[in-house]
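Okay, structure first, notes after.
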Amino acid sequence: MRFGSADVVAAGIIALFVPILTLWPLGADALLSAPGQEAPEHLAGLWLAAQSGDWLVVETGLLAWPEGERFVLIDPLNLLIFKPLAAWPIVAFNAVLWLGCALGGLAGALLAREGGGRLWVGALLGATAGPLGAM
């Protein structure tokens with residue numbers, strides 16, 4: 001199957017903007033999380049890592065006082081998005097979620113291309129798999 005520029009543009013638009021719809025309300029005052037999920041723990045880990053400057057092993061006295069706590073950050077690549085926005089932790093965490101879904105959409109489009117399918121269908125399925133799968 002040959003792909004035209006319209007297919008590529010449609011897949012890109014879907015991958016970037018459909019996550020905004022599925023993650024609604026994406027904002028600065030609400031942490032996006034399903035009940036019982038680990039969003040607060042990930043947010044705290046990313047914030048502590050951004051404050052400490054270490055991308056992998058975080059040592060802090062803010063947890064388990066007075067001894068403190070040392071832990072390994074499970075998602076250090078998310079600091080690439082989180083750290084520039086660390087002054088607004090909720091915005092930064094929601095940006096990490098949005099970019100993860102957008103990358104999922106791009107990966108879905110590439111998988112559809114390899115399988116001979118439509119790029120926009122792969123982008124749509126990839127971009128919505130995370131948010132809709134958590135419901």
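Naming works like this for the structure tokens: A, B, ... for the chains as they're shown, residue 1 at the start of each chain, ligands 1 onward in shown order.
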Problem set entry | Ala123 of chain A surroundings by only C-alpha atoms, 12 Å radius, close-in-sequence under 2 positions cut, as an MDAnalysis selection string | chainID A and resid 7:19 101:113 117:121 125:129
Exercise. If you run DSSP on this backbone, which residues of chain A come out as alpha helix (DSSP H), and could you give them as JSON, numbers by chain?
Worked result: {"A": [5, 6, 7, 8, 9, 10, 11, 12, 13, 14, 15, 16, 17, 18, 19, 20, 21, 22, 39, 40, 41, 42, 43, 44, 45, 46, 47, 48, 49, 50, 51, 52, 79, 80, 81, 82, 89, 90, 91, 92, 93, 94, 95, 96, 97, 98, 99, 100, 101, 102, 103, 104, 105, 106, 107, 108, 109, 110, 111, 112, 113, 114, 115, 119, 120, 121, 122, 123, 124, 125, 126, 127, 128, 129, 130, 131, 132, 133]}
How would the residues just chosen look if you wrote them out with C-alpha atoms as a tab-separated table (two decimals), in the first residue's frame?
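Once everything was written out, this is again_20.tsv:
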```
chain	number	residue	atom	x	y	z
A	5	SER	CA	1.09	12.96	2.38
A	6	ALA	CA	-2.59	13.23	3.41
A	7	ASP	CA	-2.31	9.92	5.28
A	8	VAL	CA	0.83	11.06	7.06
A	9	VAL	CA	-0.69	14.44	7.99
A	10	ALA	CA	-3.90	12.79	9.22
A	11	ALA	CA	-1.93	10.30	11.34
A	12	GLY	CA	0.16	13.13	12.82
A	13	ILE	CA	-2.87	15.24	13.67
A	14	ILE	CA	-4.64	12.27	15.24
A	15	ALA	CA	-1.55	11.26	17.24
A	16	LEU	CA	-1.09	14.77	18.63
A	17	PHE	CA	-4.66	15.95	19.23
A	18	VAL	CA	-6.76	12.85	20.00
A	19	PRO	CA	-4.92	12.33	23.34
A	20	ILE	CA	-6.11	15.79	24.38
A	21	LEU	CA	-9.70	14.63	23.87
A	22	THR	CA	-9.24	11.32	25.66
A	39	ALA	CA	-0.24	8.86	39.58
A	40	PRO	CA	0.54	10.61	42.90
A	41	GLU	CA	3.51	8.30	43.48
A	42	HIS	CA	4.89	8.91	39.98
A	43	LEU	CA	4.35	12.64	40.34
A	44	ALA	CA	6.20	12.68	43.66
A	45	GLY	CA	9.05	10.61	42.25
A	46	LEU	CA	9.44	12.83	39.20
A	47	TRP	CA	9.27	16.00	41.30
A	48	LEU	CA	11.84	14.72	43.80
A	49	ALA	CA	14.16	13.64	40.97
A	50	ALA	CA	13.80	17.03	39.29
A	51	GLN	CA	14.66	18.75	42.58
A	52	SER	CA	17.62	16.50	43.43
A	79	LEU	CA	12.20	13.76	33.26
A	80	LEU	CA	12.98	15.08	29.76
A	81	ILE	CA	9.43	16.45	29.66
A	82	PHE	CA	8.87	16.93	33.39
A	89	PRO	CA	4.17	19.80	38.80
A	90	ILE	CA	0.61	19.00	37.76
A	91	VAL	CA	1.07	20.60	34.34
A	92	ALA	CA	4.37	18.75	33.96
A	93	PHE	CA	2.85	15.39	34.89
A	94	ASN	CA	-0.11	15.91	32.55
A	95	ALA	CA	2.35	16.82	29.77
A	96	VAL	CA	4.16	13.53	30.39
A	97	LEU	CA	0.85	11.67	30.02
A	98	TRP	CA	-0.06	13.57	26.85
A	99	LEU	CA	3.30	12.94	25.21
A	100	GLY	CA	3.14	9.26	26.11
A	101	CYS	CA	-0.21	8.96	24.36
A	102	ALA	CA	1.04	10.97	21.37
A	103	LEU	CA	4.06	8.68	21.03
A	104	GLY	CA	1.71	5.71	21.27
A	105	GLY	CA	-0.24	7.18	18.36
A	106	LEU	CA	2.89	7.61	16.26
A	107	ALA	CA	3.97	4.06	17.11
A	108	GLY	CA	0.50	2.82	16.12
A	109	ALA	CA	0.79	4.60	12.76
A	110	LEU	CA	4.19	3.01	12.13
A	111	LEU	CA	2.85	-0.40	13.08
A	112	ALA	CA	-0.08	0.08	10.71
A	113	ARG	CA	2.35	1.04	7.95
A	114	GLU	CA	4.33	-2.16	8.50
A	115	GLY	CA	1.15	-4.22	8.47
A	119	LEU	CA	-1.92	5.15	9.10
A	120	TRP	CA	-4.74	7.15	10.70
A	121	VAL	CA	-6.35	3.98	12.09
A	122	GLY	CA	-3.08	2.92	13.68
A	123	ALA	CA	-2.57	6.41	15.10
A	124	LEU	CA	-6.09	6.47	16.52
A	125	LEU	CA	-5.75	3.06	18.15
A	126	GLY	CA	-2.27	3.79	19.49
A	127	ALA	CA	-3.17	7.23	20.88
A	128	THR	CA	-6.28	6.04	22.69
A	129	ALA	CA	-5.07	2.66	23.97
A	130	GLY	CA	-3.73	4.03	27.27
A	131	PRO	CA	-6.53	6.38	28.35
A	132	LEU	CA	-9.40	4.22	27.18
A	133	GLY	CA	-7.77	1.05	28.45
```
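Between atom CA of Ala87 of chain A and atom CA of Glu69 of chain A there is a distance of 22.7 Å.
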Exercise. Could you write out, as a ChimeraX atom specification, all the residues of segment 39-91 of chain A that DSSP marks as strand (DSSP E)?
Worked result: /A:57-60,69-72
Residues just named, written with N, CA and C atoms as a PDB file, in the first residue's frame:
```pdb
ATOM      1  N   VAL A  57      18.751   7.565  40.865  1.00  0.00           N
ATOM      2  CA  VAL A  57      18.656   7.281  42.307  1.00  0.00           C
ATOM      3  C   VAL A  57      18.334   8.586  43.031  1.00  0.00           C
ATOM      4  N   VAL A  58      17.234   8.570  43.767  1.00  0.00           N
ATOM      5  CA  VAL A  58      16.776   9.769  44.465  1.00  0.00           C
ATOM      6  C   VAL A  58      16.897   9.537  45.960  1.00  0.00           C
ATOM      7  N   GLU A  59      17.567  10.449  46.637  1.00  0.00           N
ATOM      8  CA  GLU A  59      17.665  10.421  48.095  1.00  0.00           C
ATOM      9  C   GLU A  59      16.972  11.667  48.625  1.00  0.00           C
ATOM     10  N   THR A  60      16.078  11.472  49.594  1.00  0.00           N
ATOM     11  CA  THR A  60      15.335  12.609  50.131  1.00  0.00           C
ATOM     12  C   THR A  60      15.050  12.422  51.606  1.00  0.00           C
ATOM     13  N   GLU A  69      14.707   8.604  52.746  1.00  0.00           N
ATOM     14  CA  GLU A  69      14.412   7.491  51.851  1.00  0.00           C
ATOM     15  C   GLU A  69      15.306   7.584  50.626  1.00  0.00           C
ATOM     16  N   ARG A  70      15.663   6.447  50.097  1.00  0.00           N
ATOM     17  CA  ARG A  70      16.434   6.359  48.864  1.00  0.00           C
ATOM     18  C   ARG A  70      15.688   5.385  47.951  1.00  0.00           C
ATOM     19  N   PHE A  71      15.403   5.819  46.723  1.00  0.00           N
ATOM     20  CA  PHE A  71      14.694   4.945  45.799  1.00  0.00           C
ATOM     21  C   PHE A  71      15.183   5.178  44.378  1.00  0.00           C
ATOM     22  N   VAL A  72      14.879   4.215  43.528  1.00  0.00           N
ATOM     23  CA  VAL A  72      15.246   4.290  42.114  1.00  0.00           C
ATOM     24  C   VAL A  72      14.019   4.745  41.343  1.00  0.00           C
TER      25      VAL A  72
END
```
